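Visitor: Starting off with a structure, shown below.
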Amino acid sequence: MTESQPLLSARAVTKVFPGTVALDKVDFTLHAGEVHALLGENGAGKSTLIKCLTGAYRRDSGEIVLDGRAIDPRNTLEAQSFGIGTVYQEVNLLPNLSVAENLYLGHQPTRWGLITGAAMKAGARRTLSQYGLDIDVSRNLEEFSVAVQQVVAIARAVSLSGKVLILDEPTASLDAQEVRLLFDVVRSLKERGLGIVFISHFLDQVFEISDRITVLRNGRLVGTQMAAELDRVNLVNMMLGRELVEETRQSGRTERPDGPPLIRFSNFGRAGKIAPFDLDIRKGEVIGVAGLLGSGRTETAEVLFGVSAHDSGSAVEGEETLPLGTPRNAIAHGFGFCPEDRKSDGIIGDLSVRENIVLALQARLGWTRPVPAREQAAMAEEFIGRLDIRTPNAEKPVGQLSGGNQQKVILARWLATNPRFLILDEPTRGIDVGAHAEIIRLIEELCEQGMALLVISSELDELVAYSHRVIVVRDRHHVAELAGEDITTDNMVAAIAAPEREDA
Amino acid sequence: MSAAGHLLRRIAPQLVTLAATLLLIAIVFPGFFEISIANGRLYGSPIDILNRGAPVALLAIGMTLVIATKGIDLSVGAVMAICGAVAAAAITSGMGLVATLALALGAGLACGLWNGLLVSVLGIQPIVATLILMVAGRGIAQLITEGAILTFSNEGLIFIGSGAFFSVPMPVLIWVLAGALVALVVRRSALGMLIEAIGINRRASTLAGINARVLLIAVYMASGLCAALAGIIAAADIRGADANNAGLWLELDAILAVVIGGTSLLGGRFSILASLIGAMIIQAVNTGILLSGFPPEYNLIIKAAIILVILVMQSPAVRTTLIFLRRDKTSSQSETEPVVQ
Amino acid sequence: MLSKKAWIGACAAASMGFAVSAATAQTIGFSQIGSESGWRAAETTLTHQEAEKRGIDLKFADAQQKQENQIKALRSFIAQGVDAILLAPVVATGWDSVLEEAQEAEIPVVLLDRMVDSSKDLYLTAVGSDLVHEGNVAGKWLVDATDGEACNIVELQGTTGSSPAIDRKKGFEDAIAGHDNLEIIRSQTGDFTRTKGKEVMESFLKAEDGGKNICALYAHNDDMAVGAIQAIKEAGLKPGEDILVVSIDAVPDIFKAMAAGEANATVELTPNMAGPAFDALAAYMKDGTMPPKFIQTESKLFTPDDDPMAVYEEKKDLGY
C-alpha cells in the first residue's frame, strides 16, 4: 500500500435528494490489490456512494478518477466498460439460464454470427477454474447454491470490467463454509491486482478480509483507517458516534420512575427473530435499545408489537395476560409503533396528512364509527401545530412531504390514539437537524406525561440523552442492560463491540 | 374548496367525456334526445342507455371497491350467470319471489366470500384467484340450467327486469339506488378511507391496526352481491337464465368503466360516482353504434377507437400537457392538490 | 329438464334389455360434441329416441367440446366392434386417421349436422341442414305474407362472421331479391342471444320512428326473436301484428310466442338428424344401397296454422 497513484479515487462527492443530503463531500480512495471495507448504518450513504461510483446515480458535484483519468459514468453499463463491476447481495443474474450463458450473456463467442455453445462452455469452465470452481457449466444457475452463484456473478463482473470490484453485502445469506469459499476468491482477485470494495455489517468478516476501512455516517465521511490499526470499540464508535453537538449529558437519566411495572414481558421472543428476553416497562419511562444493524433491535420491536407474533413467553399487565399476537391486539392494549422504514411500513403515501393522522384511531374505532369530518380536521390542525409539521395544509398527500415531516405525521397518528406504550424504531434517521431535535424534545415530553416509550436508535448520544435504561442487542440476543449513570456511549459501544457470542 | 366543489372537480373529466359521447351520437342520430312516456314508462334512447347500462353499472360499483384495494374481480360475469340461473331455478321450482331473490343474492355473496378467502387468507393474487371462478362459474351456471335457457313467467321477477316504478325502469332505479347507497356508506362511514389505505399500502395499514383481511373479504363479497343484482336483472330482462351468455365479457366492461372513471388499477383513491359515469359512457358508445346503423362488422372497431380516444385524453401524459398549457395561460394554482370527496 | 335425464336413463335401460334379449340387435356408437346449446341437447335426446324406436343399442359418448375425446370415443367404438358410428364433429379437420381406422374395420360412419374436411370416401354419408336454404324459406314466407305490399325489414344477424349468420343472411336476401316492395333497412348483430336481440331491437325501434317504419323483423335465430318480441311489446307495439316476426330454429319458446300471436313464422332446424341417418344405415346394411353423400334435412316452415301449442308440448321436453 504505497502512496502511489490510487486505482480509484472519489473527491468531495455530493448527492442531494429532495429534503436530505445523502452524500456530503465524501472522499474515498481505493488502491490496486486492496480490499477496502465501506461501513455505516442504514442511511449512512454507503449505497449512495456506490451508486455514484457505478453510474446508477449521477452525482451533483465532486470528481471520480479511475487510473488517473476523470470519469463520469452515466449508467452501470458505462461504469462496467471503464472497469468498475458490482455484485449485489441478491445475485442479479438469470437463474433459468446455464452458468455458461450467464457468464457470457451479451458477449457470447460467435463464429459467423452464430453463438458457439462449445466454445462458450470451454471458456466458462476455464474462467471458473481460476476461482477454484469445477462445476457443470451447462446446468442452470438456479441449481447451484447462493455461494456458487455469487462466485459466478463475481467471475462475470471481473471478466467484464477487471479493475474495480464492488461487493455489496455478498455474505448476507451465506453460511460460514460458503463465506470461506467467497473470501478465497476475493483474496485471489486481490493478488491479481484488483481493487475491491467490500460492504458488510458483519464486523468479524470486515476485520478478516479488509486492508482498510472507511466509515460513513449520515452522508458524511467519518474516517478511513488501516484495519490492522483499528479495534472493534473504535470502529463501533466511528459508526455510532456523537452527533448532537449541543448535547452535554454524559450519562443517562437517573430519575427512573418507580412504582409497579405497567406491562411485564417475560421470556418473550420468537425463534429466528429474537431470543427470548425479559422486559418490564413503567409509566413515564424511556427504554433505549442500542445495537448494530441486523442485531435484532428491530426484531425486538416487531415481536413486542405483534408484527411477527411471539412464540415464547407472555406479556402480563397486573394479573392479566395480554394476548399480543397481532398489531390489532397490541393497539387494542394501548401500544403504538413507528416503524423504521417509513415509506413501506409507515405512511400511506396517497392519503392526506389528515387521513394518515386519523388512520390508527379510526382503525381502532372500526369502520362503523367514523371520526366526524370536523373532528378529523381539528385533530389534524392540532398535531400539525403541536409537532410543527411543515405542510401547506392538512389535505396534502403525505407522500409529498419531507422525511422528517412524514415521521412527525406517523408520530401524530399514534399520539391520536393516546397510547400507553409507544415503540419508536429509528425515529430520527434520515431527517434534517431541526426535525431531529424536535423529535427528541417530543420523546422527553411524552415521557413526562406518563407514557412508556421504547426507542431504538443507532445514535448513541441520543439514547444517552433521553433513556432511563438502555438494552444492548447483539446477535439477536439482549446482551446487556444499562441504567442511570451506567448509560454512556462508551459502555454501550463496549457491549456492542464485545466479541461474537460463543453460543450464537 | 367545498366538498361539492371537490367532487365536481373529480368527476369533471368523466362528465365532459359523457357529454362529448352523447353529442357525437346526436350528430349521427338527430332524434337521440327525444324522451316520451309510453306504456307508463319513460321511453327514448337516453333511457335505453341508462337501462341497458344497468348490469355494467352494478358490476362497476363492486369492481371499484375491489380495484381500490389493489385487487381485481374477473369472476363477476360468471357470477351474474350463476345468480341468474339460481333465481330462474328457484322461481320455476315454485319458491316465492322473496325467497328466490334472497337465494340469488346469497349465491352472489357466497361467490364473493370464495374470492375473498382466496385473496385475503390464502394470499393468491386477485387476478388468478378470481380467474378460477370466472372459468368455473359458467360451468356451475350451466349445471343449474342444464345447458338450456331456463325460462320463467313469474310476473314479480320479470318486473325487476322490465317493470317501471313511477315511469322509471326498474334496472335504472336499482343501479342508481345501489350506487348511491354504496357511495354513501363508504363515504359516511370510515370504510372508504380504510379501503383506500389498504390499497395504497397494505403493510403500513396492517401496522396501523386496520383489519385488512376482513376488509378484503368484505369488498369481494360486495362485488359478488353487485354481480348477483346484475345477474337477476339480466335474467328478468329476457325472462330466462341464459348460462352461456349472461354477463359474458361484462367483467371487462366493468373494469373499463372503473378505469374510465379514473380509479387507478394500482389501488387507492376511488370514486364510485365516476365509475358509474364510466359505465354510462361505455353503454352510450354501445347504444350509439346500434343507432348509427353502421354494419355490425364495424362495431368493435368503432368501440375500440372511441375508448382509445377517451383513455388517451385521460392518460397522465396528456393530462400533464393540458395542465401545462392551461398554466401557461392563467398560471393558476397547483393541479396536484388532492381530491377529497 | 328432469325429463331429459329420465329419457337417457330409460334409453340406457331399454338398450341394455335389448342387448340381453335380442342378440341380433344393432349396436351403433354416437359421439356427440357436448351440450353447448339447447338444440344440441335436443339432438341428443332425439337420437336416443330414434334408436329406441328401431331397437338399436346406442352407445353414447359426450366429448365435452374436445376433439381428442371424440377420437378416443371413436377408437373405443371400433375396438368394441360396433355396427356403425354417428359422429357430430366438433371441428372440421384432423379426422383422417381415425376415419381410416373405421374404414379398415369396415364400420360405416355417418356425420351429423356438421361436415369434416376429409375425403368423402372415408364416411358413408352426412346428414345436415342447409343454412342458406333455411334463410330462403324464411324469405319466401315473408314474400308471400306481404303479397306485394311495401314492407321495411329489420334484420337481427347472428354472431358476426359465423357461418349460420352469413348463410342465413344470404338465403333470405336471395329470396326477397326481385321483390321491390321488400327492403332491409337495418341490420345489426344480436350475437344469437336474447339479451342482445332485445337491446338491438330497442335501438331499431328508436331509430325507426318508434317502430312505425318497421313492418317486419327477420331474426337469424329464435332466441333473438324472443328478446326482440319483448322489446316490441315494451315499446307499446304488437309483435306479430304491427311488426311481423320471422325467425329460424323452431325452439319451443317461439311456439309459445306464436300461440300468443306474437310471432308469425319459424323455420325448423330439426334436431332429428339421427332418424335419416338410421334409415340410410338400415338400407345400406340390408342390401348395400349407397346413400347420397349429403342428406339434407327438411327445413320445415311453422306458422300459427300448425297448432303451435301442440308443437310446443311436443318439443319442450327434448332438452332445448
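By convention in this document, the chains of the C-alpha cells carry letters A, B, ... by their order, each chain's residues are numbered from 1, and ligands are numbered from 1 in the order they are shown.
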Residues near stretch 174-190 of chain C, anyone? I mean within 8 Å using only C-alpha atoms, not counting same-chain ones fewer than 4 positions away, as a count of residues only.
Guide: 30
Visitor: Taking 2 positions as the minimum chain separation for residues in the same chain, which residues sit within 10 Å of C:Gln296 when counting only C-alpha atoms? Answer as JSON, numbers by chain.
Guide: {"C": [113, 126, 127, 128, 129, 130, 133, 273, 276, 292, 293, 294, 298, 299]}
Visitor: Please identify all polymer residues within 12 Å of B:Ala304, counting only C-alpha atoms, omitting same-chain residues fewer than 2 positions from it, and present them as a ChimeraX atom specification.
Guide: /B:253,256,282,285-286,289,298-302,306-312
Visitor: Write out as a JSON list (two decimals) with all heavy atoms, in the first residue's frame each polymer residue whose atoms come within 12 Å of C:Ala88, counting only C-alpha atoms; drop sequence neighbours fewer than 5 positions from it.
Guide:
```json
[["chain", "number", "residue", "atom", "x", "y", "z"],
["C", 29, "GLY", "N", -72.53, -46.61, -32.27],
["C", 29, "GLY", "CA", -71.89, -45.64, -31.39],
["C", 29, "GLY", "C", -72.20, -44.22, -31.84],
["C", 29, "GLY", "O", -72.29, -43.94, -33.03],
["C", 30, "PHE", "N", -72.41, -43.32, -30.88],
["C", 30, "PHE", "CA", -72.72, -41.93, -31.21],
["C", 30, "PHE", "C", -71.77, -41.03, -30.43],
["C", 30, "PHE", "O", -71.82, -40.99, -29.20],
["C", 30, "PHE", "CB", -74.19, -41.62, -30.87],
["C", 30, "PHE", "CG", -74.59, -40.18, -31.06],
["C", 30, "PHE", "CD1", -73.98, -39.38, -32.03],
["C", 30, "PHE", "CD2", -75.59, -39.62, -30.27],
["C", 30, "PHE", "CE1", -74.34, -38.05, -32.20],
["C", 30, "PHE", "CE2", -75.97, -38.29, -30.44],
["C", 30, "PHE", "CZ", -75.34, -37.51, -31.40],
["C", 31, "SER", "N", -70.91, -40.33, -31.16],
["C", 31, "SER", "CA", -70.01, -39.37, -30.49],
["C", 31, "SER", "C", -70.57, -37.98, -30.66],
["C", 31, "SER", "O", -70.55, -37.40, -31.75],
["C", 31, "SER", "CB", -68.62, -39.46, -31.10],
["C", 31, "SER", "OG", -67.82, -38.42, -30.58],
["C", 32, "GLN", "N", -71.10, -37.45, -29.55],
["C", 32, "GLN", "CA", -71.72, -36.12, -29.58],
["C", 32, "GLN", "C", -70.70, -35.08, -29.13],
["C", 32, "GLN", "O", -69.83, -35.36, -28.31],
["C", 32, "GLN", "CB", -72.97, -36.14, -28.65],
["C", 32, "GLN", "CG", -73.67, -34.81, -28.46],
["C", 32, "GLN", "CD", -74.26, -34.24, -29.74],
["C", 32, "GLN", "OE1", -73.54, -33.85, -30.66],
["C", 32, "GLN", "NE2", -75.59, -34.18, -29.80],
["C", 33, "ILE", "N", -70.84, -33.84, -29.68],
["C", 33, "ILE", "CA", -69.91, -32.75, -29.33],
["C", 33, "ILE", "C", -69.95, -32.47, -27.83],
["C", 33, "ILE", "O", -68.93, -32.38, -27.18],
["C", 33, "ILE", "CB", -70.29, -31.46, -30.10],
["C", 33, "ILE", "CG1", -70.08, -31.67, -31.60],
["C", 33, "ILE", "CG2", -69.51, -30.29, -29.58],
["C", 33, "ILE", "CD1", -70.53, -30.49, -32.43],
["C", 34, "GLY", "N", -71.16, -32.28, -27.33],
["C", 34, "GLY", "CA", -71.32, -31.90, -25.93],
["C", 34, "GLY", "C", -72.75, -31.42, -25.75],
["C", 34, "GLY", "O", -73.66, -31.93, -26.40],
["C", 35, "SER", "N", -72.93, -30.47, -24.87],
["C", 35, "SER", "CA", -74.29, -29.94, -24.71],
["C", 35, "SER", "C", -74.21, -28.43, -24.60],
["C", 35, "SER", "O", -74.65, -27.84, -23.63],
["C", 35, "SER", "CB", -74.94, -30.54, -23.47],
["C", 35, "SER", "OG", -74.12, -30.29, -22.35],
["C", 40, "ARG", "N", -78.51, -28.70, -29.21],
["C", 40, "ARG", "CA", -77.63, -29.86, -29.14],
["C", 40, "ARG", "C", -78.22, -30.89, -28.16],
["C", 40, "ARG", "O", -78.20, -32.10, -28.43],
["C", 40, "ARG", "CB", -76.26, -29.36, -28.67],
["C", 40, "ARG", "CG", -75.17, -30.37, -28.64],
["C", 40, "ARG", "CD", -74.63, -30.80, -29.98],
["C", 40, "ARG", "NE", -74.19, -29.76, -30.88],
["C", 40, "ARG", "CZ", -74.03, -29.93, -32.20],
["C", 40, "ARG", "NH1", -74.27, -31.10, -32.76],
["C", 40, "ARG", "NH2", -73.66, -28.94, -32.97],
["C", 43, "GLU", "N", -80.96, -32.68, -29.82],
["C", 43, "GLU", "CA", -80.44, -33.64, -30.79],
["C", 43, "GLU", "C", -80.07, -34.95, -30.08],
["C", 43, "GLU", "O", -80.38, -36.04, -30.56],
["C", 43, "GLU", "CB", -79.22, -33.06, -31.51],
["C", 43, "GLU", "CG", -78.71, -33.99, -32.60],
["C", 43, "GLU", "CD", -77.38, -33.53, -33.20],
["C", 43, "GLU", "OE1", -76.51, -33.08, -32.42],
["C", 43, "GLU", "OE2", -77.21, -33.62, -34.40],
["C", 44, "THR", "N", -79.41, -34.81, -28.93],
["C", 44, "THR", "CA", -79.02, -35.98, -28.16],
["C", 44, "THR", "C", -80.26, -36.79, -27.75],
["C", 44, "THR", "O", -80.32, -38.02, -27.94],
["C", 44, "THR", "CB", -78.24, -35.56, -26.91],
["C", 44, "THR", "OG1", -77.11, -34.79, -27.31],
["C", 44, "THR", "CG2", -77.78, -36.75, -26.10],
["C", 47, "THR", "N", -81.87, -38.51, -30.73],
["C", 47, "THR", "CA", -81.08, -39.64, -31.22],
["C", 47, "THR", "C", -81.37, -40.88, -30.37],
["C", 47, "THR", "O", -81.54, -41.98, -30.90],
["C", 47, "THR", "CB", -79.58, -39.29, -31.19],
["C", 47, "THR", "OG1", -79.38, -38.07, -31.91],
["C", 47, "THR", "CG2", -78.74, -40.40, -31.80],
["C", 60, "PHE", "N", -73.50, -44.05, -26.29],
["C", 60, "PHE", "CA", -73.41, -42.58, -26.36],
["C", 60, "PHE", "C", -72.14, -42.09, -25.68],
["C", 60, "PHE", "O", -71.79, -42.53, -24.59],
["C", 60, "PHE", "CB", -74.63, -41.96, -25.69],
["C", 60, "PHE", "CG", -74.61, -40.46, -25.67],
["C", 60, "PHE", "CD1", -74.83, -39.72, -26.82],
["C", 60, "PHE", "CD2", -74.34, -39.77, -24.49],
["C", 60, "PHE", "CE1", -74.81, -38.34, -26.79],
["C", 60, "PHE", "CE2", -74.30, -38.39, -24.46],
["C", 60, "PHE", "CZ", -74.54, -37.67, -25.61],
["C", 61, "ALA", "N", -71.42, -41.18, -26.35],
["C", 61, "ALA", "CA", -70.21, -40.59, -25.74],
["C", 61, "ALA", "C", -70.26, -39.08, -25.90],
["C", 61, "ALA", "O", -70.37, -38.56, -27.01],
["C", 61, "ALA", "CB", -68.96, -41.15, -26.41],
["C", 62, "ASP", "N", -70.21, -38.39, -24.77],
["C", 62, "ASP", "CA", -70.23, -36.91, -24.77],
["C", 62, "ASP", "C", -68.79, -36.42, -24.75],
["C", 62, "ASP", "O", -68.02, -36.74, -23.85],
["C", 62, "ASP", "CB", -70.98, -36.42, -23.51],
["C", 62, "ASP", "CG", -71.11, -34.92, -23.47],
["C", 62, "ASP", "OD1", -70.21, -34.22, -24.01],
["C", 62, "ASP", "OD2", -72.10, -34.42, -22.90],
["C", 63, "ALA", "N", -68.39, -35.61, -25.76],
["C", 63, "ALA", "CA", -66.98, -35.23, -25.89],
["C", 63, "ALA", "C", -66.65, -33.93, -25.16],
["C", 63, "ALA", "O", -65.48, -33.56, -25.10],
["C", 63, "ALA", "CB", -66.63, -35.07, -27.37],
["C", 64, "GLN", "N", -67.63, -33.28, -24.61],
["C", 64, "GLN", "CA", -67.39, -32.02, -23.90],
["C", 64, "GLN", "C", -66.53, -31.05, -24.71],
["C", 64, "GLN", "O", -65.53, -30.52, -24.22],
["C", 64, "GLN", "CB", -66.77, -32.30, -22.53],
["C", 64, "GLN", "CG", -67.76, -33.00, -21.63],
["C", 64, "GLN", "CD", -67.19, -33.41, -20.31],
["C", 64, "GLN", "OE1", -65.99, -33.64, -20.20],
["C", 64, "GLN", "NE2", -68.05, -33.52, -19.32],
["C", 65, "GLN", "N", -66.93, -30.87, -25.95],
["C", 65, "GLN", "CA", -66.30, -29.88, -26.83],
["C", 65, "GLN", "C", -64.84, -30.17, -27.13],
["C", 65, "GLN", "O", -64.10, -29.27, -27.48],
["C", 65, "GLN", "CB", -66.40, -28.47, -26.22],
["C", 65, "GLN", "CG", -67.64, -27.69, -26.60],
["C", 65, "GLN", "CD", -68.87, -28.16, -25.85],
["C", 65, "GLN", "OE1", -68.78, -28.67, -24.75],
["C", 65, "GLN", "NE2", -70.03, -27.99, -26.46],
["C", 66, "LYS", "N", -64.40, -31.41, -26.97],
["C", 66, "LYS", "CA", -62.97, -31.69, -27.23],
["C", 66, "LYS", "C", -62.82, -32.77, -28.30],
["C", 66, "LYS", "O", -63.35, -33.87, -28.17],
["C", 66, "LYS", "CB", -62.28, -32.17, -25.96],
["C", 66, "LYS", "CG", -62.06, -31.06, -24.95],
["C", 66, "LYS", "CD", -60.83, -31.36, -24.09],
["C", 66, "LYS", "CE", -60.55, -30.26, -23.11],
["C", 66, "LYS", "NZ", -61.35, -30.41, -21.88],
["C", 67, "GLN", "N", -62.06, -32.43, -29.36],
["C", 67, "GLN", "CA", -61.87, -33.39, -30.43],
["C", 67, "GLN", "C", -61.14, -34.64, -29.94],
["C", 67, "GLN", "O", -61.45, -35.75, -30.35],
["C", 67, "GLN", "CB", -61.06, -32.75, -31.57],
["C", 67, "GLN", "CG", -60.94, -33.69, -32.76],
["C", 67, "GLN", "CD", -60.15, -33.07, -33.90],
["C", 67, "GLN", "OE1", -59.30, -32.22, -33.69],
["C", 67, "GLN", "NE2", -60.46, -33.49, -35.11],
["C", 70, "GLN", "N", -63.45, -37.08, -28.75],
["C", 70, "GLN", "CA", -64.22, -37.72, -29.81],
["C", 70, "GLN", "C", -63.40, -38.82, -30.49],
["C", 70, "GLN", "O", -63.91, -39.89, -30.78],
["C", 70, "GLN", "CB", -64.65, -36.67, -30.85],
["C", 70, "GLN", "CG", -65.67, -35.70, -30.28],
["C", 70, "GLN", "CD", -66.51, -35.06, -31.36],
["C", 70, "GLN", "OE1", -66.01, -34.28, -32.15],
["C", 70, "GLN", "NE2", -67.78, -35.41, -31.40],
["C", 71, "ILE", "N", -62.11, -38.51, -30.70],
["C", 71, "ILE", "CA", -61.26, -39.51, -31.35],
["C", 71, "ILE", "C", -61.13, -40.74, -30.45],
["C", 71, "ILE", "O", -61.21, -41.89, -30.90],
["C", 71, "ILE", "CB", -59.88, -38.90, -31.69],
["C", 71, "ILE", "CG1", -60.07, -37.87, -32.82],
["C", 71, "ILE", "CG2", -58.89, -39.97, -32.12],
["C", 71, "ILE", "CD1", -58.82, -37.11, -33.19],
["C", 73, "ALA", "N", -63.33, -41.73, -28.28],
["C", 73, "ALA", "CA", -64.61, -42.43, -28.30],
["C", 73, "ALA", "C", -64.71, -43.28, -29.56],
["C", 73, "ALA", "O", -65.13, -44.45, -29.52],
["C", 73, "ALA", "CB", -65.75, -41.41, -28.24],
["C", 74, "LEU", "N", -64.29, -42.71, -30.72],
["C", 74, "LEU", "CA", -64.37, -43.46, -31.98],
["C", 74, "LEU", "C", -63.50, -44.71, -31.92],
["C", 74, "LEU", "O", -63.91, -45.79, -32.34],
["C", 74, "LEU", "CB", -63.93, -42.55, -33.15],
["C", 74, "LEU", "CG", -65.07, -42.00, -34.01],
["C", 74, "LEU", "CD1", -66.10, -41.27, -33.15],
["C", 74, "LEU", "CD2", -64.56, -41.09, -35.11],
["C", 95, "TRP", "N", -59.51, -35.53, -38.86],
["C", 95, "TRP", "CA", -60.26, -36.78, -38.68],
["C", 95, "TRP", "C", -59.73, -37.93, -39.53],
["C", 95, "TRP", "O", -60.16, -39.07, -39.36],
["C", 95, "TRP", "CB", -61.75, -36.56, -39.01],
["C", 95, "TRP", "CG", -62.39, -35.56, -38.11],
["C", 95, "TRP", "CD1", -62.67, -34.26, -38.38],
["C", 95, "TRP", "CD2", -62.83, -35.79, -36.77],
["C", 95, "TRP", "NE1", -63.24, -33.66, -37.30],
["C", 95, "TRP", "CE2", -63.36, -34.58, -36.29],
["C", 95, "TRP", "CE3", -62.82, -36.90, -35.92],
["C", 95, "TRP", "CZ2", -63.87, -34.44, -35.01],
["C", 95, "TRP", "CZ3", -63.32, -36.76, -34.64],
["C", 95, "TRP", "CH2", -63.85, -35.54, -34.19],
["C", 109, "VAL", "N", -69.40, -44.79, -41.15],
["C", 109, "VAL", "CA", -69.52, -43.60, -40.30],
["C", 109, "VAL", "C", -70.48, -42.62, -40.97],
["C", 109, "VAL", "O", -70.37, -42.35, -42.16],
["C", 109, "VAL", "CB", -68.15, -42.93, -40.10],
["C", 109, "VAL", "CG1", -68.30, -41.64, -39.30],
["C", 109, "VAL", "CG2", -67.18, -43.89, -39.41],
["C", 110, "VAL", "N", -71.43, -42.11, -40.17],
["C", 110, "VAL", "CA", -72.35, -41.09, -40.67],
["C", 110, "VAL", "C", -72.11, -39.80, -39.89],
["C", 110, "VAL", "O", -72.09, -39.83, -38.65],
["C", 110, "VAL", "CB", -73.81, -41.54, -40.52],
["C", 110, "VAL", "CG1", -74.76, -40.43, -41.00],
["C", 110, "VAL", "CG2", -74.06, -42.83, -41.29],
["C", 111, "LEU", "N", -71.90, -38.71, -40.63],
["C", 111, "LEU", "CA", -71.70, -37.41, -39.97],
["C", 111, "LEU", "C", -73.05, -36.78, -39.70],
["C", 111, "LEU", "O", -73.95, -36.82, -40.55],
["C", 111, "LEU", "CB", -70.87, -36.49, -40.85],
["C", 111, "LEU", "CG", -69.50, -37.03, -41.29],
["C", 111, "LEU", "CD1", -68.80, -35.98, -42.16],
["C", 111, "LEU", "CD2", -68.64, -37.38, -40.09],
["C", 112, "LEU", "N", -73.19, -36.18, -38.53],
["C", 112, "LEU", "CA", -74.42, -35.49, -38.18],
["C", 112, "LEU", "C", -74.16, -33.99, -38.11],
["C", 112, "LEU", "O", -73.18, -33.56, -37.48],
["C", 112, "LEU", "CB", -74.96, -35.96, -36.83],
["C", 112, "LEU", "CG", -75.44, -37.40, -36.70],
["C", 112, "LEU", "CD1", -76.20, -37.57, -35.40],
["C", 112, "LEU", "CD2", -76.33, -37.79, -37.87],
["C", 113, "ASP", "N", -75.02, -33.22, -38.74],
["C", 113, "ASP", "CA", -75.11, -31.78, -38.50],
["C", 113, "ASP", "C", -73.92, -30.97, -39.02],
["C", 113, "ASP", "O", -74.08, -29.93, -39.58],
["C", 113, "ASP", "CB", -75.31, -31.53, -36.99],
["C", 113, "ASP", "CG", -75.24, -30.08, -36.64],
["C", 113, "ASP", "OD1", -75.82, -29.30, -37.38],
["C", 113, "ASP", "OD2", -74.60, -29.75, -35.63],
["C", 114, "ARG", "N", -72.71, -31.44, -38.82],
["C", 114, "ARG", "CA", -71.54, -30.67, -39.27],
["C", 114, "ARG", "C", -70.69, -31.53, -40.19],
["C", 114, "ARG", "O", -70.75, -32.75, -40.12],
["C", 114, "ARG", "CB", -70.69, -30.23, -38.08],
["C", 114, "ARG", "CG", -71.41, -29.30, -37.12],
["C", 114, "ARG", "CD", -70.42, -28.72, -36.15],
["C", 114, "ARG", "NE", -71.07, -27.98, -35.09],
["C", 114, "ARG", "CZ", -70.41, -27.32, -34.14],
["C", 114, "ARG", "NH1", -69.09, -27.32, -34.15],
["C", 114, "ARG", "NH2", -71.05, -26.66, -33.21],
["C", 115, "MET", "N", -69.86, -30.87, -41.02],
["C", 115, "MET", "CA", -69.06, -31.58, -42.01],
["C", 115, "MET", "C", -67.61, -31.70, -41.55],
["C", 115, "MET", "O", -67.19, -31.03, -40.60],
["C", 115, "MET", "CB", -69.09, -30.83, -43.35],
["C", 115, "MET", "CG", -70.48, -30.64, -43.92],
["C", 115, "MET", "SD", -71.29, -32.20, -44.28],
["C", 115, "MET", "CE", -70.30, -32.74, -45.69],
["C", 116, "VAL", "N", -66.84, -32.59, -42.23],
["C", 116, "VAL", "CA", -65.41, -32.67, -41.97],
["C", 116, "VAL", "C", -64.66, -32.42, -43.26],
["C", 116, "VAL", "O", -65.22, -32.54, -44.35],
["C", 116, "VAL", "CB", -64.99, -34.05, -41.39],
["C", 116, "VAL", "CG1", -65.66, -34.30, -40.06],
["C", 116, "VAL", "CG2", -65.31, -35.15, -42.39],
["C", 126, "ALA", "N", -73.42, -37.79, -44.93],
["C", 126, "ALA", "CA", -73.54, -36.76, -43.90],
["C", 126, "ALA", "C", -74.98, -36.29, -43.89],
["C", 126, "ALA", "O", -75.58, -36.08, -44.94],
["C", 126, "ALA", "CB", -72.61, -35.59, -44.21],
["C", 127, "VAL", "N", -75.54, -36.16, -42.69],
["C", 127, "VAL", "CA", -76.91, -35.66, -42.56],
["C", 127, "VAL", "C", -76.81, -34.25, -41.99],
["C", 127, "VAL", "O", -76.13, -34.02, -40.99],
["C", 127, "VAL", "CB", -77.74, -36.54, -41.61],
["C", 127, "VAL", "CG1", -79.16, -35.99, -41.50],
["C", 127, "VAL", "CG2", -77.74, -37.97, -42.09],
["C", 128, "GLY", "N", -77.47, -33.30, -42.63],
["C", 128, "GLY", "CA", -77.39, -31.94, -42.13],
["C", 128, "GLY", "C", -78.41, -31.04, -42.76],
["C", 128, "GLY", "O", -79.16, -31.44, -43.66],
["C", 271, "PRO", "N", -83.65, -31.08, -34.91],
["C", 271, "PRO", "CA", -82.64, -31.79, -34.13],
["C", 271, "PRO", "C", -82.67, -33.28, -34.42],
["C", 271, "PRO", "O", -81.86, -34.03, -33.89],
["C", 271, "PRO", "CB", -83.03, -31.49, -32.68],
["C", 271, "PRO", "CG", -84.47, -31.13, -32.72],
["C", 271, "PRO", "CD", -84.82, -30.69, -34.11],
["C", 273, "MET", "N", -81.50, -35.42, -36.56],
["C", 273, "MET", "CA", -80.57, -35.79, -37.62],
["C", 273, "MET", "C", -80.38, -37.31, -37.63],
["C", 273, "MET", "O", -79.97, -37.90, -38.62],
["C", 273, "MET", "CB", -79.21, -35.14, -37.36],
["C", 273, "MET", "CG", -79.29, -33.63, -37.23],
["C", 273, "MET", "SD", -78.98, -32.85, -38.80],
["C", 273, "MET", "CE", -79.48, -31.17, -38.52],
["C", 274, "ALA", "N", -80.67, -37.92, -36.48],
["C", 274, "ALA", "CA", -80.39, -39.35, -36.34],
["C", 274, "ALA", "C", -81.37, -40.19, -37.15],
["C", 274, "ALA", "O", -80.99, -41.22, -37.71],
["C", 274, "ALA", "CB", -80.44, -39.74, -34.86],
["C", 277, "ALA", "N", -80.33, -40.64, -40.58],
["C", 277, "ALA", "CA", -79.06, -41.37, -40.55],
["C", 277, "ALA", "C", -79.31, -42.87, -40.33],
["C", 277, "ALA", "O", -78.74, -43.72, -41.02],
["C", 277, "ALA", "CB", -78.17, -40.82, -39.43]]
```
Visitor: Within 9 Å of chain B, which residues belong to chain C? Use only C-alpha atoms and report them as a PyMOL selection string.
Guide: chain C and resi 1-2+35-39+41+157+160-161+186-189+193-195+198-200+202-204+206-207+209-210+226-227+230+234-236+253+319-320
Visitor: Atom CA of A:Leu365 and atom CA of B:Leu105, how far apart in Å?
Guide: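 Those two atoms sit 29.5 Å apart.
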Visitor: If the cut-off is 7 Å, can you tell me the residues of chain B near chain A, counting only C-alpha atoms? I'd like them as number ranges by chain.
Guide: B: 189-191, 197, 200-201, 203-204, 207-210, 337-338
Visitor: Find the residues around B:Ile158 up to 6 Å (only C-alpha atoms counted), leave out those fewer than 3 positions away in its own chain, and share them as a PyMOL selection string.
Guide: chain B and resi 155+161+236
Visitor: Would you kindly return, as a list in words, each protein, DNA or RNA residue with an atom no farther than 10 Å from any atom of B:Phe33, considering only C-alpha atoms and excluding same-chain residues fewer than 5 positions away?
Guide: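 My list of contacting residues is Leu22, Leu23, Ile25, Ala26, Gly44, Ser45, Pro46 and Ile47 of chain B.
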